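J.: Right, I'll just put the structure down here and ask away after.
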Amino acid sequence: MMMKTKYAGRTLIALAIAGAFPLHNAMADEQAAQEASAPAAKPKAAGESTSGQLEQVIVTAQRRAENIKDVPMSIASIKGEKLDVLTSGGQDIRFLSGRSPSLTVESDYGRTFPRFYIRGLGNTDFDLNASQPVGLVMDDIVMENPMLKGFPVFDVDQVEVLRGPQGTLFGRNSPAGVIKFDSAKPVFKTEGYASVGFGKDGVRNLEGAYNLPISDTVAARFSGQSQNRDDRVTNPRPTGTKNFEGYGDDAARLQLLVKPTRDFSALFNVHARNMEASATLFRANILKQGTNDLVDNFDYGSYPTDGVNEQWLRTRGGSARLRWELPGVTLHSITGYDTLKLFSRADVDGGYGASYAPPMGPGFIPFTVETADLVPHHRQFTQEFRAESTNAGPLQWIAGAYYFNEDIQIDSISFNSLAPGNPQNKEYARQFQSAESFALFGTLNYAVSDRLKLRGGLRYTKDKKDFLATRVEATSSAHRLNSDTSNVSWDASGTYTLDKDTNVFGRVATGYRAPSMQGRLFGLADLPTQAEAEKALSFEAGIKQDLFNRRARMSATVFHYTMKDKQLTAGSGTVNMNRLINADEVTGQGVELDFQANLGGGFSTTFGTSYNDTEIKDASLFVSSCGAPCTVTDPRGPFAGTASINGNPLPRAPKWQHNFSLKYSMALGDGELYAYTDWTYRTKYNFFLYEAKEYTAKPLTEGGLRVGYKWDKYEVAAYGRNITNRVQSLGAIDFNNLTGIVNDPRTYGMQFKANF
């Protein structure tokens, strides 16, 4: 069965490549046939497109609206129908994983704490104070805390994936890149949509938007989403939580556009999310020792435990985006405020009992671990002022200032799984952090000629953090850390037009991640840890081309980066803790390809692929390896239970990723019948900084299918996600037993959508 799945995955990739590339002759033949049989055509008006041409993709990666072909960086966009398909089954933001080359998204916290990786650069840290090298910008507001980054994706115009350092226009904590979401904005007409879906395991998805012009100068848009699923995993034991993996995830957004004159507009945004769910299920001893296979007769629907599982998240936020159109310049003021509260509790040992408190299982449980993390207080405030030139001419510029302020408190508590009622232990850890950042930035664009355009940018950032870690026991301990750093980031790029359909580009860019701190103290003798600032230098070059009279589009990039003082997260090996460390150097290089085409005959396709080769370069760096009985393949470190990680790839960084979609549509009656399939494939990766046979993810192929019918303003569809029902370990806990975290099994359902 495993061999069959392996070759099936390779066959799908081969079909994707074969379907994507032999297009020239087919398209040319079809176009020639159409021209031969068609009557003499009237001259087209300026801007009018030929039937079958792809629509232009407009992005704001450089804080201006531009054709994606003219932006001198590796960038991808996801919008429209593809977003509808990928979120059919109630998927959270992790649906983006693998849907764009070099992009991975995963979580050890389920729906609340996504971790993003671009070109292999990310952060495996599970601490709620973790910083990430991938920035997330939602409606022009930087979302810093990981819990804010999981806001549901609905009524969104476009998702942009900006690969490589974004240290000039987006600044700190984006040396790997930025993921940018732009919600559908209010317009001055009445419109909207409503969607309802039902599926396996009691899935119920409701989504809708209503746009209302209140007057000639004021328009409002309300959009919301409610995602629900029943429990689908059961605990057969008499103790602990009985049912798991249900959720209720509700989010809403209200926007108000005020445009009293042609020269001024104000867009106000208020958004909120309430989520209640199961925390991630850590499944004890599901990995076969000496392999990365799941144990024989693994049962997804059974989870024997003596622990309590609970998770909820509340986020609230608002923003005000003001815009003034003055002669030759546009001014922007962008103000944002967000806050959150979180509670997440899980049985981390993944089973019941212990070696000293039988019965125990599944397998050997050396000790119990039941913990919860809380965020009782958090707030984030951001303010940006930006000016941009609007005069015609070869020179264009942007200049601005940015301010960020955040306060957060994190409590980490534990429970006695063996006592009646699972009472809280008296000892617990607390973290307090106050962060402040200020930046000045500017960019220049200069058209040397009609063919050659150059860009350059500079950003000065000053960061300050004050951190306090405490351990509350019979006697308490308190430890303070602080940092006050500054950095200058820059980028330089150019685009050269070979012909009307082809641009080549080159880019050199730097990025910066501010110092990180954490203090999830396990005992009074433990100390908080700090990672110094990391800096990135990246080179990339590529080509962007419209093909076959704009019926196809291709973008290809090669890149190389070097990270100095790369921030990494090391587990303790024997207890539920992390430590922050710096590696002297990490390098990465690779290739990315995005391809999209209308094939004719009702077929259209997309194909993306990426190769990322990352390497940790620090001969003196070693980490604690697993406390569980795993098979470490790295050289031993200088102390017992340690492993050298010099030469290892970054964790959660697959070398190859592929994505492919194919759509067929045909006219039927008064509407359109369509079928849409999408597939992703990625190669293996390490769960942790060290390499071990058990803690290496297997290659994974996942696919989806959607069949539907559209007529007038309505659509009905049936969908399936992970249709091959491939279930395997995506992550692990390495300090207690061979505990694994698995992906979601197959799901399917129906959806109805109405537009008005």
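In the structure tokens, the first chain shown is A, the next is B, and so on; residue numbers restart at 1 for each chain, and ligands run from 1 in the order shown.
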Quick one: residues within 8 Å of A:Asn292, only C-alpha atoms counted, chain neighbours fewer than 3 positions away excluded, as a ChimeraX atom specification?

T.: /A:287-289,693-698,729

J.: Export, as a PDB file, in the first residue's frame, the selected residues with C-alpha atoms.

T.:
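For reference, part-v4.pdb as written:
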ATOM      1  CA  LEU A 287       5.579   6.267  15.704  1.00  0.00           C
ATOM      2  CA  LYS A 288       7.367   2.973  15.191  1.00  0.00           C
ATOM      3  CA  GLN A 289      10.784   3.071  16.809  1.00  0.00           C
ATOM      4  CA  LYS A 693      14.492   8.556  11.900  1.00  0.00           C
ATOM      5  CA  GLU A 694      11.260   8.839  13.877  1.00  0.00           C
ATOM      6  CA  TYR A 695      11.149  12.625  13.644  1.00  0.00           C
ATOM      7  CA  THR A 696      11.401  12.963   9.883  1.00  0.00           C
ATOM      8  CA  ALA A 697       8.178  13.709   8.040  1.00  0.00           C
ATOM      9  CA  LYS A 698       7.427  11.435   5.117  1.00  0.00           C
ATOM     10  CA  SER A 729       2.737  12.372  11.183  1.00  0.00           C
TER      11      SER A 729
END

J.: Find the residues near stretch 369-385 of chain A: any atom within 6 Å, counting only C-alpha atoms, skip ones fewer than 4 places away on the same chain, and give them as an MDAnalysis selection string.

T.: chainID A and resid 332:349 400:415

J.: Can I get the selection written as a compact mmCIF listing (two decimals), in the first residue's frame, with N, CA and C atoms?

T.:
# COMPACT_ATOMS: atom_id res chain seq x y z
N HIS A 332 -0.87 59.07 3.34
CA HIS A 332 -1.58 57.98 4.00
C HIS A 332 -1.32 58.04 5.50
N SER A 333 -2.37 57.80 6.26
CA SER A 333 -2.25 57.56 7.70
C SER A 333 -2.96 56.25 8.00
N ILE A 334 -2.22 55.29 8.59
CA ILE A 334 -2.78 53.96 8.85
C ILE A 334 -2.59 53.66 10.34
N THR A 335 -3.70 53.55 11.06
CA THR A 335 -3.68 53.31 12.50
C THR A 335 -4.35 51.97 12.79
N GLY A 336 -3.70 51.16 13.62
CA GLY A 336 -4.26 49.85 13.93
C GLY A 336 -4.17 49.53 15.41
N TYR A 337 -5.16 48.84 15.91
CA TYR A 337 -5.17 48.39 17.31
C TYR A 337 -5.78 46.99 17.35
N ASP A 338 -5.07 46.04 17.96
CA ASP A 338 -5.57 44.67 18.08
C ASP A 338 -5.25 44.12 19.46
N THR A 339 -6.12 43.24 19.92
CA THR A 339 -5.94 42.62 21.23
C THR A 339 -6.45 41.19 21.17
N LEU A 340 -5.97 40.35 22.10
CA LEU A 340 -6.39 38.95 22.11
C LEU A 340 -6.36 38.40 23.52
N LYS A 341 -7.13 37.33 23.71
CA LYS A 341 -7.06 36.50 24.92
C LYS A 341 -7.13 35.05 24.47
N LEU A 342 -6.34 34.19 25.14
CA LEU A 342 -6.23 32.80 24.72
C LEU A 342 -6.15 31.89 25.94
N PHE A 343 -6.76 30.71 25.79
CA PHE A 343 -6.56 29.61 26.75
C PHE A 343 -6.45 28.33 25.94
N SER A 344 -5.37 27.57 26.16
CA SER A 344 -5.17 26.32 25.43
C SER A 344 -4.58 25.28 26.37
N ARG A 345 -5.31 24.17 26.56
CA ARG A 345 -4.91 23.11 27.50
C ARG A 345 -4.93 21.77 26.78
N ALA A 346 -3.89 20.97 27.00
CA ALA A 346 -3.81 19.67 26.32
C ALA A 346 -3.01 18.69 27.15
N ASP A 347 -3.22 17.41 26.86
CA ASP A 347 -2.47 16.31 27.47
C ASP A 347 -1.24 16.06 26.60
N VAL A 348 -0.11 16.67 26.97
CA VAL A 348 1.06 16.65 26.10
C VAL A 348 1.71 15.27 26.07
N ASP A 349 1.60 14.48 27.16
CA ASP A 349 2.18 13.14 27.11
C ASP A 349 1.39 12.22 26.18
N GLY A 400 8.17 57.37 4.52
CA GLY A 400 7.24 57.22 5.63
C GLY A 400 7.90 56.96 6.96
N ALA A 401 7.05 56.90 7.98
CA ALA A 401 7.48 56.58 9.35
C ALA A 401 6.50 55.56 9.92
N TYR A 402 7.03 54.71 10.80
CA TYR A 402 6.23 53.62 11.36
C TYR A 402 6.52 53.47 12.84
N TYR A 403 5.44 53.21 13.62
CA TYR A 403 5.59 53.00 15.06
C TYR A 403 4.80 51.76 15.45
N PHE A 404 5.41 50.94 16.33
CA PHE A 404 4.80 49.70 16.81
C PHE A 404 4.98 49.61 18.32
N ASN A 405 3.90 49.20 19.02
CA ASN A 405 3.98 49.02 20.46
C ASN A 405 3.12 47.83 20.85
N GLU A 406 3.70 46.93 21.66
CA GLU A 406 2.98 45.72 22.07
C GLU A 406 3.29 45.39 23.52
N ASP A 407 2.25 44.96 24.25
CA ASP A 407 2.39 44.43 25.60
C ASP A 407 1.71 43.07 25.65
N ILE A 408 2.35 42.11 26.32
CA ILE A 408 1.76 40.78 26.41
C ILE A 408 2.14 40.13 27.73
N GLN A 409 1.21 39.36 28.26
CA GLN A 409 1.45 38.51 29.44
C GLN A 409 1.08 37.08 29.07
N ILE A 410 1.95 36.14 29.45
CA ILE A 410 1.72 34.72 29.16
C ILE A 410 1.88 33.93 30.44
N ASP A 411 0.90 33.11 30.78
CA ASP A 411 0.98 32.20 31.92
C ASP A 411 1.05 30.77 31.41
N SER A 412 1.97 29.99 31.95
CA SER A 412 2.10 28.57 31.61
C SER A 412 1.89 27.76 32.88
N ILE A 413 0.84 26.96 32.91
CA ILE A 413 0.48 26.22 34.11
C ILE A 413 0.43 24.73 33.81
N SER A 414 0.42 23.92 34.84
CA SER A 414 0.38 22.46 34.67
C SER A 414 -0.67 21.87 35.59
N PHE A 415 -1.03 20.62 35.32
CA PHE A 415 -2.10 19.95 36.05
C PHE A 415 -1.66 18.55 36.45

J.: Can you pull out the residues contacting A:Phe467? Cut-off 10 Å, using only C-alpha atoms, and skip same-chain residues under 5 positions away; I want them as a PyMOL selection string.

T.: chain A and resi 408+431-435+479-483+516-519+528+530

J.: Give me, as JSON, numbers by chain, all polymer residues having an atom no more than 7 Å from stretch 88-94 of chain A, counting only C-alpha atoms and skipping those fewer than 2 positions away in the same chain.

T.: {"A": [84, 85, 86, 96, 97, 105, 106, 111, 114, 150, 152, 153, 205, 227, 719, 721, 747, 748]}

J.: Can you pull out every residue within 12 Å of A:Arg237, counting only C-alpha atoms, but drop anything in the same chain fewer than 2 positions away, and send it as a ChimeraX atom specification?

T.: /A:234-235,239-243,302-307,351-353,359-362

J.: Under the rule of at most 9 Å, produce a per-residue listing of stretch 547-654 of chain A near stretch 499-512 of chain A: chain, number, name, the closest pair of atoms, and the distance in Å, as a tab-separated table, using only C-alpha atoms.

T.:
residue	atom	partner	partner_atom	distance
A:Leu547	CA	A:Asp501	CA	7.2
A:Asn549	CA	A:Asp501	CA	8.6
A:Arg550	CA	A:Asp501	CA	8.1
A:Met563	CA	A:Gly511	CA	9.0

J.: Pick out each residue of stretch 54-183 of chain A that DSSP on the backbone tags as strand (DSSP E or B); I need them as a ChimeraX atom specification.

T.: /A:58-59,66-67,75-79,103-106,115-118,121,134-138,141-142,156-163,177-183

J.: Out of A:His271, A:Lys149, A:Arg283, A:Arg316, which residue has the shortest atom-to-atom distance to A:Ala732 when counting only C-alpha atoms?

T.: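 The shortest atom-to-atom distance to A:Ala732 comes from A:Arg283.
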
J.: Tell me which of A:Ala653, A:Ala552, A:Met143, A:Cys630 sits closest to A:Asn612, counting only C-alpha atoms.

T.: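 When distances to A:Asn612 are compared using only C-alpha atoms, the smallest one comes from A:Ala653.
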
J.: Tell me, as a PyMOL selection string, which residues lie within 12 Å of A:Val156, counting only C-alpha atoms; anything in the same chain fewer than 3 positions away does not count.

T.: chain A and resi 77-84+87+138-139+151-153+159-160+180-186+207-209+223-225+253

J.: Just C-alpha atoms for this one: save the residues we selected as a compact mmCIF listing (two decimals), in the first residue's frame.

T.:
# COMPACT_ATOMS: atom_id res chain seq x y z
CA SER A 77 -1.11 35.81 -5.69
CA ILE A 78 -4.12 33.65 -4.81
CA LYS A 79 -7.62 35.00 -5.34
CA GLY A 80 -11.16 34.38 -6.46
CA GLU A 81 -12.30 30.87 -7.26
CA LYS A 82 -9.09 29.24 -6.02
CA LEU A 83 -9.64 30.68 -2.52
CA ASP A 84 -13.22 29.38 -2.55
CA THR A 87 -11.45 26.74 1.97
CA MET A 138 -3.86 42.11 7.07
CA ASP A 139 -5.49 45.14 5.48
CA PHE A 151 -7.64 35.23 11.48
CA PRO A 152 -10.02 33.37 9.11
CA VAL A 153 -9.82 34.08 5.38
CA VAL A 159 -3.64 36.94 -0.94
CA GLU A 160 -0.10 37.96 -1.92
CA LYS A 180 -0.43 40.01 2.63
CA PHE A 181 -4.23 39.81 2.83
CA ASP A 182 -6.51 42.44 1.30
CA SER A 183 -10.19 42.30 2.21
CA ALA A 184 -12.87 43.25 -0.28
CA LYS A 185 -13.51 46.95 0.33
CA PRO A 186 -16.83 48.82 0.40
CA GLU A 207 -20.21 32.90 4.99
CA GLY A 208 -21.55 36.10 3.56
CA ALA A 209 -21.05 39.75 2.80
CA SER A 223 -18.83 40.29 6.11
CA GLY A 224 -18.78 37.27 8.38
CA GLN A 225 -17.98 33.61 8.61
CA ARG A 253 -15.56 42.37 9.78

J.: Please provide the set of residues having any atom within 8 Å of A:Lys663, restricted to only C-alpha atoms, with same-chain residues fewer than 2 positions apart removed, written as a short mmCIF file (atom, residue, chain, number, x, y, z; two decimals) with C-alpha atoms, in the first residue's frame.

T.:
data_model
loop_
_atom_site.label_atom_id
_atom_site.label_comp_id
_atom_site.auth_asym_id
_atom_site.auth_seq_id
_atom_site.Cartn_x
_atom_site.Cartn_y
_atom_site.Cartn_z
CA GLY A 602 -12.78 24.51 -21.44
CA PHE A 603 -9.55 23.60 -19.64
CA SER A 604 -7.36 25.84 -17.50
CA THR A 605 -4.44 24.97 -15.25
CA SER A 661 -4.67 22.52 -10.42
CA SER A 665 -15.89 23.84 -17.59
CA TYR A 674 -17.28 22.62 -13.97
CA ALA A 675 -14.86 20.23 -12.28
CA TYR A 676 -11.79 21.46 -10.40
CA THR A 677 -8.98 19.38 -8.92
#

J.: Pick out the closest residue to A:Trp312 from this set: A:Ser278, A:Gln728, A:Gln567, A:Asn285. Count only C-alpha atoms.

T.: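 Closest to A:Trp312 of all the choices is A:Ser278.
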
J.: Counting only C-alpha atoms, which residue out of A:Ala61, A:Leu458, A:Ala619, A:Val727 sits closest to A:Asn646?

T.: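 Checking each candidate against A:Asn646, we get A:Ala619 as the closest.
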
J.: Here is a test: counting only C-alpha atoms, which residue of A:Gly110, A:Pro638, A:Gly120, A:Gly197 is nearest to A:Gly98?

T.: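 Once distances to A:Gly98 are computed over only C-alpha atoms, the minimum belongs to A:Gly120.
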